[in-house]
Amino acid sequence: QVRLMESGGGLVQPGGSLRLSCAAAGTRLSVARMSWFRQTPGKQRELVAQLTASGNTNYADSVKGRFTVSRDNAENTVYLQMNSLKSEDTAVYYCNFKLGEYDFWGHGTQVTVSS
């Protein structure tokens, strides 16, 4: 059974940084397309960043230049480094594993950007 476990969320002031982690059990993250999504109450979940198995990345326009997605194969963990955080980045952040028909989600981690 595949389990994804996000961590690293919290409260940070505008302009600050956080690093989210998504650790996996039951599979190797390196074989899949890994994505970070975020969701705020009343809104649809939106894509933030993607990292393919081959190492290609894709970012939402709103986070380009501020967020970086990466993967540590030895740790079987995907990261989202978030810099220059803004209040509008406040959301629950989810990681997603997608490989063919396999589509798994973590439980989410709350990020709150506020002074």
# chains A, B, ... in the order shown; residues from 1 in each chain; ligands from 1
>>> residues_around(residues="region 39-49 of chain A", least_positions_apart="3", cutoff="10 Å", atoms="only C-alpha atoms", output="list in words")
Met34, Ser35, Trp36, Thr57, Asn58, Tyr59, Ala60, Asp61, Ser62, Val63, Lys64, Phe67, Thr68, Val69, Ser70, Leu80, Glu88, Asp89, Thr90, Ala91, Val92, Tyr93, Tyr94, Cys95, Asn96, Gly108 and Gln110 of chain A
>>> write_last_selection(atoms="C-alpha atoms", output="tab-separated table (two decimals), in the first residue's frame")
chain	number	residue	atom	x	y	z
A	34	MET	CA	5.22	13.97	-8.38
A	35	SER	CA	3.16	17.09	-7.90
A	36	TRP	CA	2.36	19.62	-5.21
A	57	THR	CA	9.74	20.61	-13.69
A	58	ASN	CA	6.64	22.72	-14.18
A	59	TYR	CA	5.33	25.54	-11.99
A	60	ALA	CA	2.20	27.60	-11.66
A	61	ASP	CA	2.79	31.16	-12.84
A	62	SER	CA	1.99	32.46	-9.37
A	63	VAL	CA	4.96	30.64	-7.81
A	64	LYS	CA	7.59	30.75	-10.58
A	67	PHE	CA	9.14	27.85	-5.31
A	68	THR	CA	11.40	24.93	-6.22
A	69	VAL	CA	10.43	21.26	-6.38
A	70	SER	CA	13.12	18.62	-5.92
A	80	LEU	CA	8.88	21.98	-2.11
A	88	GLU	CA	-2.00	34.37	-0.92
A	89	ASP	CA	0.19	31.27	-0.56
A	90	THR	CA	-1.83	30.34	2.52
A	91	ALA	CA	-3.43	26.96	1.85
A	92	VAL	CA	-3.34	23.27	2.61
A	93	TYR	CA	-0.60	21.75	0.48
A	94	TYR	CA	-0.89	18.20	-0.84
A	95	CYS	CA	1.57	15.98	-2.63
A	96	ASN	CA	0.44	13.67	-5.39
A	108	GLY	CA	-1.98	17.63	3.38
A	110	GLN	CA	-1.25	23.61	6.38
>>> residues_around(residues="Ala24 (chain A)", least_positions_apart="5", cutoff="10 Å", atoms="only C-alpha atoms", output="list in words")
Val2, Arg3, Leu4, Met5, Glu6, Leu29, Glu75, Asn76, Thr77, Val78, Phe97 and Gly106 of chain A
>>> residues_around(residues="Ser87 (chain A)", least_positions_apart="6", cutoff="9 Å", atoms="only C-alpha atoms", output="PyMOL selection string")
chain A and resi 13-14+112-115
>>> select_by_dssp(residues="chain A", states="strand (DSSP E)", output="PyMOL selection string")
chain A and resi 3-7+10-12+18-25+33-39+46-51+57-59+67-72+77-82+91-99+102-105+109-113
>>> select_by_dssp(residues="chain A", states="helix (DSSP H, G or I)", output="mmCIF file with N, CA, C and O atoms, in the first residue's frame")
data_model
loop_
_atom_site.group_PDB
_atom_site.id
_atom_site.type_symbol
_atom_site.label_atom_id
_atom_site.label_comp_id
_atom_site.auth_asym_id
_atom_site.auth_seq_id
_atom_site.Cartn_x
_atom_site.Cartn_y
_atom_site.Cartn_z
ATOM 1 N N LEU A 29 9.351 7.061 -5.228
ATOM 2 C CA LEU A 29 8.853 8.295 -5.830
ATOM 3 C C LEU A 29 9.549 8.609 -7.142
ATOM 4 O O LEU A 29 8.999 9.315 -7.995
ATOM 5 N N SER A 30 10.740 8.092 -7.326
ATOM 6 C CA SER A 30 11.532 8.428 -8.514
ATOM 7 C C SER A 30 10.919 7.915 -9.812
ATOM 8 O O SER A 30 11.291 8.382 -10.890
ATOM 9 N N VAL A 31 9.978 6.973 -9.725
ATOM 10 C CA VAL A 31 9.409 6.408 -10.956
ATOM 11 C C VAL A 31 8.180 7.171 -11.419
ATOM 12 O O VAL A 31 7.656 6.897 -12.504
ATOM 13 N N SER A 87 0.870 36.220 1.490
ATOM 14 C CA SER A 87 -0.362 35.816 2.176
ATOM 15 C C SER A 87 -1.221 34.929 1.280
ATOM 16 O O SER A 87 -1.903 34.018 1.770
ATOM 17 N N GLU A 88 -1.187 35.173 -0.005
ATOM 18 C CA GLU A 88 -2.001 34.369 -0.922
ATOM 19 C C GLU A 88 -1.473 32.944 -1.113
ATOM 20 O O GLU A 88 -2.112 32.134 -1.774
ATOM 21 N N ASP A 89 -0.315 32.637 -0.543
ATOM 22 C CA ASP A 89 0.185 31.267 -0.564
ATOM 23 C C ASP A 89 -0.427 30.429 0.557
ATOM 24 O O ASP A 89 -0.198 29.217 0.616
#
>>> atom_distance(atom1="CA of Leu18 (chain A)", atom2="CA of Asp72 (chain A)")
17.2 Å
>>> closest_residue(among="A:Leu85, A:Arg66, A:Arg71, A:Phe37", to="Trp105 (chain A)", atoms="only C-alpha atoms")
A:Phe37
>>> atom_distance(atom1="CA of Thr52 (chain A)", atom2="CA of Gly15 (chain A)")
28.3 Å
>>> atom_distance(atom1="CA of Ala25 (chain A)", atom2="CA of Gln1 (chain A)")
7.7 Å
>>> closest_residue(among="A:Gly100, A:Lys86, A:Ser7, A:Arg28", to="Ala74 (chain A)", atoms="only C-alpha atoms")
A:Arg28
